[in-house]
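> Got a structure for you, written out below as structure tokens; questions coming shortly.
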Amino acid sequence: SSLFAIWKELILGLSVLGCFRYKRVFRWNVVDLSVILFIGWCCFHLLLDPSSISLRGLMNSIRFLLVYLVIRWYLPDSRETNLLVNIIMTINSFIILLGLIQWITIDSRDILLNLGWKHDELGDVAAGEYVRAVSILLAANELGYTASILLFGLILKIKYPLHKVPGQWLFMTTITIMVLLVTFSRSSWFGTIVGLVMLFVLYRRVRLIIGFFLLIIPVIFALSSLPVESGEPSVADMVSQRVVAAFDSLDGSTYSRLIVLGEQLSLILRNPMGYGLGGASRVSEGDDRRVLYSESFYIQTAIEVGWIGLFLLISVFFVIILSLVRKSFRVGGDQRNLTYWAIAATLSVFSGALVFPSLGYLVPPAQMAILVGLALNQPSTR
């Protein structure tokens with residue numbers, strides 16, 4: 001049953017092994033090396049405790065890195081690269097459009113209850129009184145990061161003067177921002193802001209930046225007009241309340257993180273080697289192997305695979321960002337835009353992981369890994 005539960009990861013693992021028929025697999029760059037070291041350290045912990053929980057915890061931690069290795073070592077050509085980029089844009093656009101339709105027409109709590117979920121398992125679709133968009137992903141936070149990645153791609157796709165921006169771009173960008181907001185996912189909002197700041201620092205097209213921020217005005221009006229139940233505040237009011245609550249120590253979500261932070265740090269200090277894979281993540285929910293669940297992916301990593309694992313994970317992040325920034329100075333045109341997209345997506349998902357285990361999701365981290373692999377595989381043109 002454990003093997004069936006990780007069928008996606010098994011396919012990824014076999015794909016990585018299949019890449020070894022290429023001699024280039026052994027020509028590692030610094031990103032490859034940092035990724036392999038983190039995967040190797042996690043596998044070492046699996047050998048120490050070869051249980052089903054540890055196996056699922058391993059896959060939860062390294063799934064997106066396996067995707068990176070497949071793309072990096074398969075080495076897609078320019079045609080395949082463009083195809084993968086268009087697939088990401090198309091899939092995300094479909095998910096986002098469905099997300100808005102679902103949020104307007106169907107209560108996300110009813111969807112999951114009809115699928116057999118219990119009321120105490122609805123945290124991903126309802127944050128207090130806020131009913132959140134989930135689309136086909138069935139998780140509001142995952143939808144938020146998906147919207148974030150699509151938004152970065154849309155910003156970098158535009159090549160027109162502002163007065164000639166096509167209507168379909170304006171429509172899709174507005175819808176994407178709306179869906180991002182009605183996920184009420186503060187971690188994905190935070191990640192999006194971090195990604196946008198870096199994107200604008202790198203992109204340096206002032207007119208486009210101003211034009212993007214002007215989109216916020218019609219989005220606010222659109223949110224104010226979205227249908228809500230009688231007597232409830234407008235969506236714009238709910239978004240603002242959700243932001244303010246993030247800085248309130250009595251807010252349920254904030255309080256639940258702060259109340260266990262001291263105990264989590266104490267656990268990390270008491271055992272620098274870690275307590276075993278899966279012990280601090282959702283894969284061990286309801287199991288006696290659970291140590292202490294953490295909403296932060298970094299704290300999860302430190303609890304499970306120790307200080308060395310945390311150091312290696314942070315190293316992966318910084319090495320990816322530095323390598324991509326370096327690559328951006330060596331390519332131009334669409335190649336540079338792809339590199340910028342990979343930088344923004346990486347910052348968004350890794351930054352959000354500070355307060356939410358976003359790297360354990362399937363879709364956004366995998367798309368981020370694909371973009372990073374594609375960007376680093378581009379030949380230098382200058």
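Each chain in the structure tokens gets a letter, A, B, ..., in the order shown, and its residues are numbered from 1; ligands are numbered from 1 in order too.
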Find the residues around A:Gln335 up to 9 Å (only C-alpha atoms counted), leave out those fewer than 5 positions away in its own chain, and share them as a list in words.
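Everything that qualifies: Ser328, Tyr340, Ala375 and Gln378 of chain A.
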> Extract, using only C-alpha atoms, all DNA, RNA and protein residues at most 12 Å from A:Ile314, discarding same-chain residues fewer than 3 positions from it, and format them as a list in words.
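Returned residues: Val31, Ser34, Val35, Leu37, Phe38, Phe297, Tyr298, Ile299, Thr301, Ala302, Trp307, Ile308, Gly309, Leu310, Phe311, Phe317, Phe318, Val319, Ile320, Ile321, Phe350, Ser351, Ala353 and Leu354 of chain A.
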> In Å to one decimal, how far is atom CA of A:Leu113 from atom CA of A:Pro365?
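Computing the Euclidean distance for atom CA of A:Pro365 and atom CA of A:Leu113 yields 26.8 Å.
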> Give me the residues within 12 Å of A:Leu322 as number ranges by chain, counting only C-alpha atoms and dropping any in the same chain fewer than 6 places off.
A: 30-31, 315-316, 328-329, 339-340, 342-343, 346-347, 372, 376
> Keeping all heavy atoms for every residue in the selection just given, could you write it to a file as a CSV table (one decimal), in the first residue's frame?

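Just written: again_38.csv:
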```
chain,number,residue,atom,x,y,z
A,30,VAL,N,26.8,22.9,-10.0
A,30,VAL,CA,26.7,23.1,-8.6
A,30,VAL,C,25.3,22.8,-8.0
A,30,VAL,O,25.1,22.4,-6.9
A,30,VAL,CB,27.3,24.5,-8.2
A,30,VAL,CG1,26.4,25.6,-8.7
A,30,VAL,CG2,27.4,24.6,-6.7
A,31,VAL,N,24.3,23.1,-8.8
A,31,VAL,CA,22.9,22.9,-8.4
A,31,VAL,C,22.7,21.4,-8.3
A,31,VAL,O,22.1,20.9,-7.3
A,31,VAL,CB,21.9,23.5,-9.4
A,31,VAL,CG1,20.5,23.2,-9.0
A,31,VAL,CG2,22.1,25.1,-9.4
A,315,SER,N,20.9,25.4,1.3
A,315,SER,CA,22.0,25.5,0.2
A,315,SER,C,21.4,25.3,-1.2
A,315,SER,O,21.8,26.0,-2.1
A,315,SER,CB,23.1,24.5,0.5
A,315,SER,OG,23.7,24.7,1.7
A,316,VAL,N,20.5,24.3,-1.3
A,316,VAL,CA,19.8,24.1,-2.6
A,316,VAL,C,19.2,25.4,-3.1
A,316,VAL,O,19.3,25.8,-4.2
A,316,VAL,CB,18.8,23.0,-2.5
A,316,VAL,CG1,17.9,22.9,-3.7
A,316,VAL,CG2,19.4,21.6,-2.3
A,328,SER,N,21.1,34.5,-16.1
A,328,SER,CA,20.3,35.6,-16.7
A,328,SER,C,21.2,36.7,-17.4
A,328,SER,O,20.7,37.4,-18.3
A,328,SER,CB,19.4,36.3,-15.6
A,328,SER,OG,20.2,37.1,-14.7
A,329,PHE,N,22.4,36.8,-17.0
A,329,PHE,CA,23.4,37.7,-17.6
A,329,PHE,C,24.0,37.1,-18.8
A,329,PHE,O,24.7,37.8,-19.5
A,329,PHE,CB,24.5,38.1,-16.6
A,329,PHE,CG,24.0,39.0,-15.5
A,329,PHE,CD1,23.9,38.5,-14.2
A,329,PHE,CD2,23.6,40.3,-15.7
A,329,PHE,CE1,23.4,39.3,-13.2
A,329,PHE,CE2,23.1,41.1,-14.7
A,329,PHE,CZ,23.0,40.6,-13.4
A,339,THR,N,14.4,32.5,-17.6
A,339,THR,CA,15.3,32.5,-16.4
A,339,THR,C,14.7,33.3,-15.3
A,339,THR,O,14.7,32.9,-14.1
A,339,THR,CB,16.7,33.0,-16.7
A,339,THR,OG1,17.2,32.3,-17.8
A,339,THR,CG2,17.6,32.9,-15.5
A,340,TYR,N,14.1,34.5,-15.6
A,340,TYR,CA,13.5,35.4,-14.7
A,340,TYR,C,12.2,34.6,-14.1
A,340,TYR,O,12.0,34.7,-12.9
A,340,TYR,CB,13.0,36.6,-15.3
A,340,TYR,CG,14.1,37.6,-15.7
A,340,TYR,CD1,13.9,38.7,-16.5
A,340,TYR,CD2,15.4,37.5,-15.1
A,340,TYR,CE1,14.9,39.6,-16.8
A,340,TYR,CE2,16.4,38.4,-15.4
A,340,TYR,CZ,16.1,39.5,-16.3
A,340,TYR,OH,17.1,40.4,-16.6
A,342,ALA,N,11.8,31.4,-13.7
A,342,ALA,CA,12.3,30.4,-12.8
A,342,ALA,C,12.8,31.0,-11.5
A,342,ALA,O,12.5,30.5,-10.4
A,342,ALA,CB,13.5,29.6,-13.4
A,343,ILE,N,13.4,32.2,-11.5
A,343,ILE,CA,13.8,32.9,-10.3
A,343,ILE,C,12.6,33.2,-9.4
A,343,ILE,O,12.6,33.0,-8.2
A,343,ILE,CB,14.7,34.1,-10.6
A,343,ILE,CG1,16.0,33.7,-11.3
A,343,ILE,CG2,14.9,35.0,-9.4
A,343,ILE,CD1,16.8,34.9,-11.8
A,346,THR,N,10.9,30.2,-7.9
A,346,THR,CA,11.7,29.6,-6.9
A,346,THR,C,11.5,30.4,-5.6
A,346,THR,O,11.3,29.9,-4.5
A,346,THR,CB,13.1,29.5,-7.3
A,346,THR,OG1,13.3,28.7,-8.5
A,346,THR,CG2,14.0,28.9,-6.2
A,347,LEU,N,11.6,31.7,-5.7
A,347,LEU,CA,11.5,32.6,-4.6
A,347,LEU,C,10.1,32.5,-3.9
A,347,LEU,O,10.0,32.5,-2.7
A,347,LEU,CB,11.8,34.1,-5.0
A,347,LEU,CG,13.3,34.4,-5.1
A,347,LEU,CD1,13.4,35.8,-5.8
A,347,LEU,CD2,14.0,34.4,-3.8
A,372,VAL,N,13.3,25.7,-13.4
A,372,VAL,CA,14.7,25.8,-13.1
A,372,VAL,C,15.5,25.0,-14.0
A,372,VAL,O,16.6,25.4,-14.5
A,372,VAL,CB,14.9,25.4,-11.6
A,372,VAL,CG1,16.4,25.3,-11.3
A,372,VAL,CG2,14.2,26.4,-10.6
A,376,LEU,N,18.4,26.5,-16.6
A,376,LEU,CA,19.8,26.2,-16.4
A,376,LEU,C,20.3,25.4,-17.6
A,376,LEU,O,21.5,25.5,-17.9
A,376,LEU,CB,20.0,25.4,-15.1
A,376,LEU,CG,19.8,26.2,-13.8
A,376,LEU,CD1,20.0,25.3,-12.6
A,376,LEU,CD2,20.7,27.4,-13.7
```
> Pick out the residues sitting within 9 Å of A:Tyr130, and hand them over as a list in words; count only C-alpha atoms, and ignore anything fewer than 5 positions along from it in its own chain.
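Everything that qualifies: Val125, Val182, Thr183, Phe184, Met238 and Arg242 of chain A.
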> Given only C-alpha atoms as the basis, pick out the residue of A:Gly333, A:Gly306, A:Gly116, A:Gly153 nearest to A:Leu265.
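Residue with the minimum atom-to-atom distance to A:Leu265: A:Gly306.
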> Based on the backbone DSSP call, show me all residues of stretch 56-162 of chain A assigned strand (DSSP E), as a list in words.
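After running DSSP on the backbone, stretch 56-162 of chain A has strand (DSSP E) at Ala126, Ala127, Tyr130 and Val131 of chain A.
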> Pick out the closest residue to A:Tyr145 from this set: A:Trp189, A:Tyr74, A:Tyr275, A:Trp103. Count only C-alpha atoms.
A:Trp189
